[in-house]
Amino acid sequence: MTLLPTSRPSEGRLLQVTIQAARADDTRWNEQRTALRSVSLYDSTTQTWSTRIGVLDLASVHKLQILFDTARTFGTAIHLEPVPVPAWWTGPFFTSDAEVAALLAAKADEGRPLGQLPII
């Protein structure tokens, strides 16, 4: 369930996804960077990639799949955290803890909860 930005409740949440790229040779680094760049933004200060998810729709599932495939292929570290909706956010957002919990409990790889993928 989502609400319009003008009716943003204080309990609205986004799923903040932070990605730490894995060390790799130039070729693998470029492949990893290309995959991450397709679904996230780079922060040169923290040297991490990040994206926010406010609804579990087909686009979000596709984004998560790319991130987890990248983790499996390159060994990137992925951290998921529910965060309050920032004032500038204009997209959809989770309106209850149950919605975020359902996403975090979704099974991603061989029965592991999201965010608990093995490092290869």
# chains A, B, ... in the order shown; residues from 1 in each chain; ligands from 1
$ residues_around --residues "Ala21 (chain A)" --least-positions-apart "2" --cutoff "7 Å" --atoms "only C-alpha atoms" --output "list in words"
Ile19, Arg23, Thr48, Thr76 and Ala77 of chain A
$ closest_residue --among "A:Gly12, A:Pro82, A:Gly75, A:Gly54" --to "Gln32 (chain A)" --atoms "only C-alpha atoms"
A:Gly75
$ closest_residue --among "A:Leu58, A:Ala98, A:Val17, A:Ala22" --to "Glu81 (chain A)" --atoms "only C-alpha atoms"
A:Val17
$ atom_distance --atom1 "CA of Phe94 (chain A)" --atom2 "CA of Ser60 (chain A)"
12.6 Å
$ select_by_dssp --residues "region 1-90 of chain A" --states "alpha helix (DSSP H)" --output "number ranges by chain"
A: 26-37, 58-74
$ closest_residue --among "A:Leu67, A:Leu15, A:Ala35, A:Ala59" --to "Leu80 (chain A)" --atoms "only C-alpha atoms"
A:Leu15
